[in-house]
2 protein chains.
Amino acid sequence: MSSSSHLFSKITEHREWLATQAALPDGFRVGTSRLDFVPAEAPKPAQMTLTLIACNKPTPDFAAVFTRNAFPGAPVIVGRRRLDSACLGAILVNNKISNVCAPGGVETSERLCASAAALLGLAPDQVLPSSTGVIGWCLPEADMLAALPLLVASLRQGSILPAAEGIVTTDLYPKIRRVTLGSGSIVAIGKGAGMIEPNLATMLVYILTDIAVPRHVLRPMLVRVVETSFNSISIDSDTSTSDTVVLLSSGQKPCSSYDVFEEALSCVCQDLAEDIVRNGEGVHHVIRVTVSDAPDVATARAFGKAIVNAPLFKCAVAGNDPNVGRLIQAIGKHVGSSTTGYDLSRLRASIGSTEIFASGTFCLDPSKEAALTAYLRSAELYASEPDANGFFAPLVQYPPHERCVEVTLSLGIGSATATVVGADLTHEYISENADYRS
Amino acid sequence: MSSSSHLFSKITEHREWLATQAALPDGFRVGTSRLDFVPAEAPKPAQMTLTLIACNKPTPDFAAVFTRNAFPGAPVIVGRRRLDSACLGAILVNNKISNVCAPGGVETSERLCASAAALLGLAPDQVLPSSTGVIGWCLPEADMLAALPLLVASLRQGSILPAAEGIVTTDLYPKIRRVTLGSGSIVAIGKGAGMIEPNLATMLVYILTDIAVPRHVLRPMLVRVVETSFNSISIDSDTSTSDTVVLLSSGQKPCSSYDVFEEALSCVCQDLAEDIVRNGEGVHHVIRVTVSDAPDVATARAFGKAIVNAPLFKCAVAGNDPNVGRLIQAIGKHVGSSTTGYDLSRLRASIGSTEIFASGTFCLDPSKEAALTAYLRSAELYASEPDANGFFAPLVQYPPHERCVEVTLSLGIGSATATVVGADLTHEYISENADYRS
């Protein structure tokens with residue numbers, strides 16, 4: 001899935017690498033602005049970052065994909081309307097409050113877009129809103145409206161890094177991926193750390209390109225690419241109410257081949273999706289499950305999701321414990337609860353290069369156990385260490401390496417393959433999510 | 001669900017209460033025996049408890065329900081064969097190793113049954129085996145065979161407590177529930193602390209009664225009762241390879257009404273199911289979700305399961321954090337990913353007596369937040385406290401109370417109701433499952 005492999009030993013090295021990814025494609029500017037406010041529902045001071053992504057001139061060539069959650073946030077409702085707009089000129093993002101099922105949320109979102117549009121010389125329906133953060137609270141509309149002039153004044157070309165930093169919530173570090181293609185490029189940023197089983201999950205992703213691809217080609221292409229990237233990851237099986245992927249083309253560079261463009265877009269999206277998992281809340285191990293010899297891709301992906309969403313297997317990986325029984329239990333649960341029966345007699349399962357199950361039985365011995373433990377340790381991002389209060393804060397602020405725990409299953413009942421990327425379940429996830437909002 | 005309410009302030013009080021539940025129905029004896037052994041797969045000393053439940057004379061009136069996991073343990077495979085036996089005379093249980101997909105596991109299980117049967121004067125097919133523990137390892141057959149004579153010699157009538165204590169693994173305390181009915185009684189014991197979303201989950205439950213109910217009545221009745229008790233709980237959504245519920249009638253007392261018997265059996269099973277959740281790995285809060293006004297019971301139950309299996313909501317409850325957005329997110333995910341669409345416009349949701357969502361929007365304010373926090377605290381079993389190594393061990397060895405976090409949903413699209421019992425997600429769950437086996 002990954003086009004390159006990195007090993008960072010310092011945060012400065014990671015930031016230097018990020019800078020190599022961050023050059024904005026032609027035709028775009030980004031800006032950010034911070035504001036202090038007091039939420040109505042739980043009155044104590046809070047801070048929000050507003051992020052603006054603007055096209056130098058409105059473009060008809062844009063595409064977007066949104067959450068399948070049945071309670072979509074107000075910005076998702078408004079964003080779906082924007083798909084009918086003739087052109088899009090800007091994306092207005094806020095973190096801290098996600099504006100989901102809050103009284104009057106849609107109207108608030110529309111008023112913020114209209115105000116930003118007026119400052120940018122755009123029509124109101126040319127601004128797409130995005131929000132992430134606490135579900136259920138109201139946006140501090142007056143404070144946000146007051147902050148917009150400064151936000152618009154902060155727009156700069158050159159680097160997308162300020163936007164990548166502006167949109168985060170519990171993320172440890174900004175996430176940017178790029179490819180160059182001919183004289184143009186595709187650059188994507190993403191946020192998302194919990195509530196991640198995109199369908200989509202709160203995952204916000206913005207992809208900018210100066211390569212000209214018309215709307216009618218771009219839209220189905222984005223759906224295809226999302227399926228094998230952001231829809232093939234899961235941190236905690238929760239699907240956010242706000243997931244959004246937006247792709248804008250400024251159309252300033254020629255496109256030599258839509259197929260090549262799609263391949264490049266896939267590469268950027270798959271890399272960014274894996275970045276999002278690697279920076280998932282409390283993640284110590286990225287788990288990549290490749291399911292082959294399946295009857296079809298959907299079946300293969302469902303097996304992969306069943307494994308990366310099995311709490312006991314996730315805990316075993318977190319503990320570097322080769323408790324492979326939990327892997328087989330998860331597969332057995334998935335098949336046992338599905339309406340389709342599957343013949344599992346040809347199932348083979350490996351972790352790393354170690355085969356642990358074949359022909360209906362485990363193949364284990366003490367040397368395999370030791371090898372598996374060493375393998376799990378080698379893929380660990382960092383080891384847990386609680387502070388004096390028993391709170392587990394992540395010990396890294398950058399991704400130390402790009403290694404995964406590779407789980408491979410051969411089902412032996414077809415020829416389709418799918419890859420799903422997930423993560424372990426750790427004390428840091430619990431600390432983050434039992435205490436995050438209060 | 002619960003027929004009684006208890007508040008224990010000491011482990012001695014809990015044990016005194018257990019003693020009131022523990023009288024064996026007429027016609028049964030139980031015994032236990034411990035053995036030391038060294039597993040072949042990870043050679044370091046381990047201990048196992050063997051438990052024997054014996055009928056004074058073999059009975060034709062027995063019923064059993066097993067896991068739907070597609071990789072059932074060898075004892076489950078053998079147990080399914082036993083359903084064809086004319087009579088059953090004993091149940092042989094071991095903990096520590098679950099004998100799942102281990103080479104030659106079925107043959108080992110049958111040889112253990114045959115040996116126990118010979119000592120008891122039974123036919124081999126009159127002994128039903130059960131195993132729980134590590135998946136993938138082989139049973140220490142020679143050590144177990146050698147321990148059987150002592151086990152048979154330990155059989156005693158009077159109390160089921162030794163068996164309730166013998167079958168546990170990571171359980172904190174034994175679990176027993178009884179009802180009396182005319183001159184007879186129904187007494188059930190259970191174990192199960194993780195890998196619990198019975199369908200069934202490693203949950204082992206043995207129900208003994210001296211009331212005469214014939215096999216052809218007993219078997220469909222057990223299926224019905226399991227559906228609303230053990231199949232309506234979930235600790236971590238994992239379904240074990242070994243789940244088993246067995247019901248034996250010694251037939252020594254008359255049954256005045258099968259309907260009354262079924263009601264009593266339901267009561268025992270629902271209470272025991274809730275005990276199992278309350279003693280679930282790392283559980284700090286029992287969450288009971290009642291879904292009403294649903295089109296049918298299966299739909300209602302699926303909504304309930306979606307809530308008790310949503311990691312972020314579980315974490316919020318663990319932290320006594322009224323992050324009600326995560327409740328609505330979980331419902332929205334469930335509906336968004338289902339193929340049936342549901343009209344959610346009449347959904348109302350409450351936690352305790354506080355309504356938090358109605359008519360598509362949240363209804364929140366600071367005083368509700370404070371009330372919800374106080375409510376969650378009142379239902380907490382104990383507060384987390386890590387030891388010097390950052391390991392979280394449960395601070396209780398008995399259930400301090402029987403309070404639940406009551407979540408009620410009214411869907412407004414029908415008249416069916418279902419109740420699902422689940423639990424929060426805590427540091428103690430992670431400590432238990434990232435380190436349990438190694």
# chains A, B, ... in the order shown; residues from 1 in each chain; ligands from 1

call {"tool": "residues_around", "arguments": {"residues": "Ala358 of chain A", "least_positions_apart": "5", "cutoff": "10 Å", "atoms": "only C-alpha atoms", "output": "list in words"}}
result
Leu344, Ser345, Arg346, Leu347, Arg348, Ala349, Ser350, Cys363 and Ser410 of chain A; Cys101 of chain B

call {"tool": "residues_around", "arguments": {"residues": "segment 13-22 of chain B", "least_positions_apart": "4", "cutoff": "8 Å", "atoms": "only C-alpha atoms", "output": "list of chain:residue names"}}
result
B:Phe8, B:Ser9, B:Ser159, B:Ile160, B:Leu161, B:Lys175, B:Ile176, B:Arg177, B:Arg178, B:Val187, B:Tyr398, B:Pro399

call {"tool": "atom_distance", "arguments": {"atom1": "atom CA of Tyr342 of chain B", "atom2": "atom CA of Ala416 of chain B"}}
result
14.7 Å

call {"tool": "residues_around", "arguments": {"residues": "Val134 of chain B", "least_positions_apart": "3", "cutoff": "9 Å", "atoms": "only C-alpha atoms", "output": "ChimeraX atom specification"}}
result
/A:323,325-326 /B:95-100,137,437

call {"tool": "residues_around", "arguments": {"residues": "Thr132 of chain B", "least_positions_apart": "6", "cutoff": "12 Å", "atoms": "only C-alpha atoms", "output": "ChimeraX atom specification"}}
result
/B:48-51,72-76,92-100,138-139,166-170,190-195,201-205,240-244

call {"tool": "select_by_dssp", "arguments": {"residues": "segment 169-266 of chain A", "states": "strand (DSSP E)", "output": "PyMOL selection string"}}
result
chain A and resi 175-181+184-191+204-211+233-234+244-253

call {"tool": "write_last_selection", "arguments": {"atoms": "C-alpha atoms", "output": "mmCIF file, in the first residue's frame"}}
result
data_model
loop_
_atom_site.group_PDB
_atom_site.id
_atom_site.type_symbol
_atom_site.label_atom_id
_atom_site.label_comp_id
_atom_site.auth_asym_id
_atom_site.auth_seq_id
_atom_site.Cartn_x
_atom_site.Cartn_y
_atom_site.Cartn_z
ATOM 1 C CA LYS A 175 -0.469 14.318 7.984
ATOM 2 C CA ILE A 176 0.378 15.239 4.371
ATOM 3 C CA ARG A 177 0.983 13.075 1.309
ATOM 4 C CA ARG A 178 1.866 14.142 -2.244
ATOM 5 C CA VAL A 179 2.735 12.786 -5.648
ATOM 6 C CA THR A 180 3.997 14.722 -8.627
ATOM 7 C CA LEU A 181 2.656 13.843 -12.025
ATOM 8 C CA GLY A 184 1.492 19.017 -11.688
ATOM 9 C CA SER A 185 0.889 17.363 -8.340
ATOM 10 C CA ILE A 186 -1.734 15.891 -6.006
ATOM 11 C CA VAL A 187 -1.432 16.876 -2.348
ATOM 12 C CA ALA A 188 -3.676 15.576 0.431
ATOM 13 C CA ILE A 189 -4.050 16.364 4.118
ATOM 14 C CA GLY A 190 -6.051 14.471 6.681
ATOM 15 C CA LYS A 191 -7.095 14.474 10.308
ATOM 16 C CA LEU A 204 -11.546 14.933 7.287
ATOM 17 C CA VAL A 205 -9.445 14.706 4.142
ATOM 18 C CA TYR A 206 -8.797 17.458 1.599
ATOM 19 C CA ILE A 207 -7.066 16.651 -1.666
ATOM 20 C CA LEU A 208 -5.850 19.430 -3.930
ATOM 21 C CA THR A 209 -4.485 19.090 -7.436
ATOM 22 C CA ASP A 210 -3.596 21.460 -10.229
ATOM 23 C CA ILE A 211 -4.000 18.708 -12.805
ATOM 24 C CA ILE A 233 -9.182 1.282 7.520
ATOM 25 C CA SER A 234 -10.556 0.975 11.033
ATOM 26 C CA THR A 244 -15.643 13.993 4.634
ATOM 27 C CA VAL A 245 -13.244 13.648 1.714
ATOM 28 C CA VAL A 246 -13.108 16.581 -0.711
ATOM 29 C CA LEU A 247 -11.053 16.725 -3.897
ATOM 30 C CA LEU A 248 -10.515 20.013 -5.761
ATOM 31 C CA SER A 249 -8.779 20.472 -9.080
ATOM 32 C CA SER A 250 -7.612 23.945 -10.104
ATOM 33 C CA GLY A 251 -7.189 22.593 -13.626
ATOM 34 C CA GLN A 252 -4.000 24.527 -14.345
ATOM 35 C CA LYS A 253 -1.896 21.598 -15.598
#

call {"tool": "interface_residues", "arguments": {"of": "chain A", "to": "chain B", "cutoff": "6 Å", "atoms": "only C-alpha atoms", "output": "JSON, numbers by chain"}}
result
{"A": [41, 42, 68, 69, 70, 71, 101, 102, 103, 135, 136, 239, 315, 316, 318, 319, 325, 332, 333, 335, 336, 361, 362, 365, 366, 386, 390, 427, 433, 434, 435]}

call {"tool": "residues_around", "arguments": {"residues": "Leu150 of chain B", "least_positions_apart": "5", "cutoff": "12 Å", "atoms": "only C-alpha atoms", "output": "list in words"}}
result
Gly31, Thr32, Ser33, Arg34, Leu35, Leu50, Thr51, Leu52, Ala116, Leu119, Leu120, Met144, Leu145 and Leu155 of chain B

call {"tool": "write_last_selection", "arguments": {"atoms": "C-alpha atoms", "output": "CSV table (one decimal), in the first residue's frame"}}
result
chain,number,residue,atom,x,y,z
B,31,GLY,CA,-16.5,-32.4,42.9
B,32,THR,CA,-13.2,-30.6,41.9
B,33,SER,CA,-9.5,-31.4,41.7
B,34,ARG,CA,-6.5,-29.3,40.9
B,35,LEU,CA,-3.5,-30.4,38.9
B,50,LEU,CA,-11.1,-30.1,36.9
B,51,THR,CA,-14.8,-30.0,37.9
B,52,LEU,CA,-17.2,-32.8,37.7
B,116,ALA,CA,-14.4,-40.5,33.6
B,119,LEU,CA,-14.8,-44.5,37.0
B,120,LEU,CA,-18.5,-43.4,37.3
B,144,MET,CA,-5.7,-35.1,33.4
B,145,LEU,CA,-6.3,-38.8,33.1
B,155,LEU,CA,-18.0,-35.8,44.5

call {"tool": "select_by_dssp", "arguments": {"residues": "segment 206-330 of chain B", "states": "alpha helix (DSSP H)", "output": "VMD selection string"}}
result
chain B and resid 215 to 228 258 to 278 297 to 308 311 to 318 325 to 330

call {"tool": "decode", "arguments": {"residues": "segment 79-165 of chain B", "atoms": "C-alpha atoms", "output": "compact mmCIF listing (two decimals), in the first residue's frame"}}
result
# COMPACT_ATOMS: atom_id res chain seq x y z
CA GLY B 79 -21.04 -32.03 23.15
CA ARG B 80 -23.13 -31.76 19.98
CA ARG B 81 -22.74 -35.54 19.52
CA ARG B 82 -23.98 -36.05 23.09
CA LEU B 83 -27.34 -34.51 22.19
CA ASP B 84 -28.06 -37.88 20.52
CA SER B 85 -27.23 -39.88 23.65
CA ALA B 86 -30.17 -41.61 25.31
CA CYS B 87 -29.04 -40.32 28.71
CA LEU B 88 -26.45 -38.03 30.25
CA GLY B 89 -24.79 -38.83 33.58
CA ALA B 90 -22.02 -36.29 34.09
CA ILE B 91 -20.28 -33.12 32.87
CA LEU B 92 -16.47 -32.94 32.99
CA VAL B 93 -15.08 -29.38 32.90
CA ASN B 94 -11.54 -28.04 32.79
CA ASN B 95 -10.29 -24.46 32.73
CA LYS B 96 -6.88 -23.09 31.54
CA ILE B 97 -6.88 -24.63 28.02
CA SER B 98 -9.94 -24.61 25.79
CA ASN B 99 -8.91 -27.43 23.40
CA VAL B 100 -9.82 -25.52 20.22
CA CYS B 101 -8.36 -26.54 16.85
CA ALA B 102 -5.54 -28.34 18.65
CA PRO B 103 -4.16 -31.41 16.85
CA GLY B 104 -6.12 -34.50 17.95
CA GLY B 105 -8.32 -32.41 20.25
CA VAL B 106 -11.55 -34.32 19.66
CA GLU B 107 -9.92 -37.69 20.33
CA THR B 108 -8.37 -36.33 23.55
CA SER B 109 -11.76 -35.07 24.67
CA GLU B 110 -13.43 -38.42 23.96
CA ARG B 111 -10.71 -40.36 25.83
CA LEU B 112 -11.14 -38.12 28.90
CA CYS B 113 -14.91 -38.71 28.82
CA ALA B 114 -14.44 -42.46 28.47
CA SER B 115 -12.07 -42.61 31.40
CA ALA B 116 -14.36 -40.52 33.64
CA ALA B 117 -17.32 -42.66 32.53
CA ALA B 118 -15.54 -45.88 33.49
CA LEU B 119 -14.82 -44.52 36.97
CA LEU B 120 -18.47 -43.44 37.35
CA GLY B 121 -19.97 -46.67 35.97
CA LEU B 122 -21.37 -44.83 32.92
CA ALA B 123 -21.14 -45.36 29.18
CA PRO B 124 -18.62 -43.04 27.46
CA ASP B 125 -21.37 -41.17 25.60
CA GLN B 126 -23.01 -40.28 28.93
CA VAL B 127 -20.27 -37.78 29.85
CA LEU B 128 -20.32 -34.30 28.29
CA PRO B 129 -16.96 -32.45 28.19
CA SER B 130 -16.37 -28.68 28.54
CA SER B 131 -13.13 -26.73 28.32
CA THR B 132 -12.27 -23.05 28.63
CA GLY B 133 -8.99 -21.14 28.50
CA VAL B 134 -6.22 -20.56 25.97
CA ILE B 135 -7.23 -21.27 22.37
CA GLY B 136 -4.85 -23.33 20.25
CA TRP B 137 -3.00 -25.28 22.92
CA CYS B 138 -3.31 -29.05 23.58
CA LEU B 139 -4.81 -30.42 26.79
CA PRO B 140 -2.30 -32.17 29.11
CA GLU B 141 -4.11 -35.47 28.60
CA ALA B 142 -1.87 -37.75 30.65
CA ASP B 143 -1.92 -35.42 33.65
CA MET B 144 -5.70 -35.06 33.39
CA LEU B 145 -6.30 -38.83 33.13
CA ALA B 146 -4.16 -39.36 36.22
CA ALA B 147 -6.22 -36.79 38.16
CA LEU B 148 -9.62 -38.34 37.40
CA PRO B 149 -9.80 -40.93 40.25
CA LEU B 150 -9.25 -38.18 42.85
CA LEU B 151 -11.83 -36.02 41.07
CA VAL B 152 -14.48 -38.75 41.18
CA ALA B 153 -13.67 -39.40 44.85
CA SER B 154 -14.31 -35.71 45.60
CA LEU B 155 -17.98 -35.82 44.55
CA ARG B 156 -20.30 -34.47 47.24
CA GLN B 157 -23.97 -33.57 47.43
CA GLY B 158 -25.22 -30.45 49.24
CA SER B 159 -23.63 -27.39 47.64
CA ILE B 160 -22.86 -26.36 44.05
CA LEU B 161 -20.34 -23.75 45.25
CA PRO B 162 -17.22 -25.93 44.66
CA ALA B 163 -18.25 -26.32 41.01
CA ALA B 164 -19.01 -22.59 40.65
CA GLU B 165 -15.49 -21.91 41.95
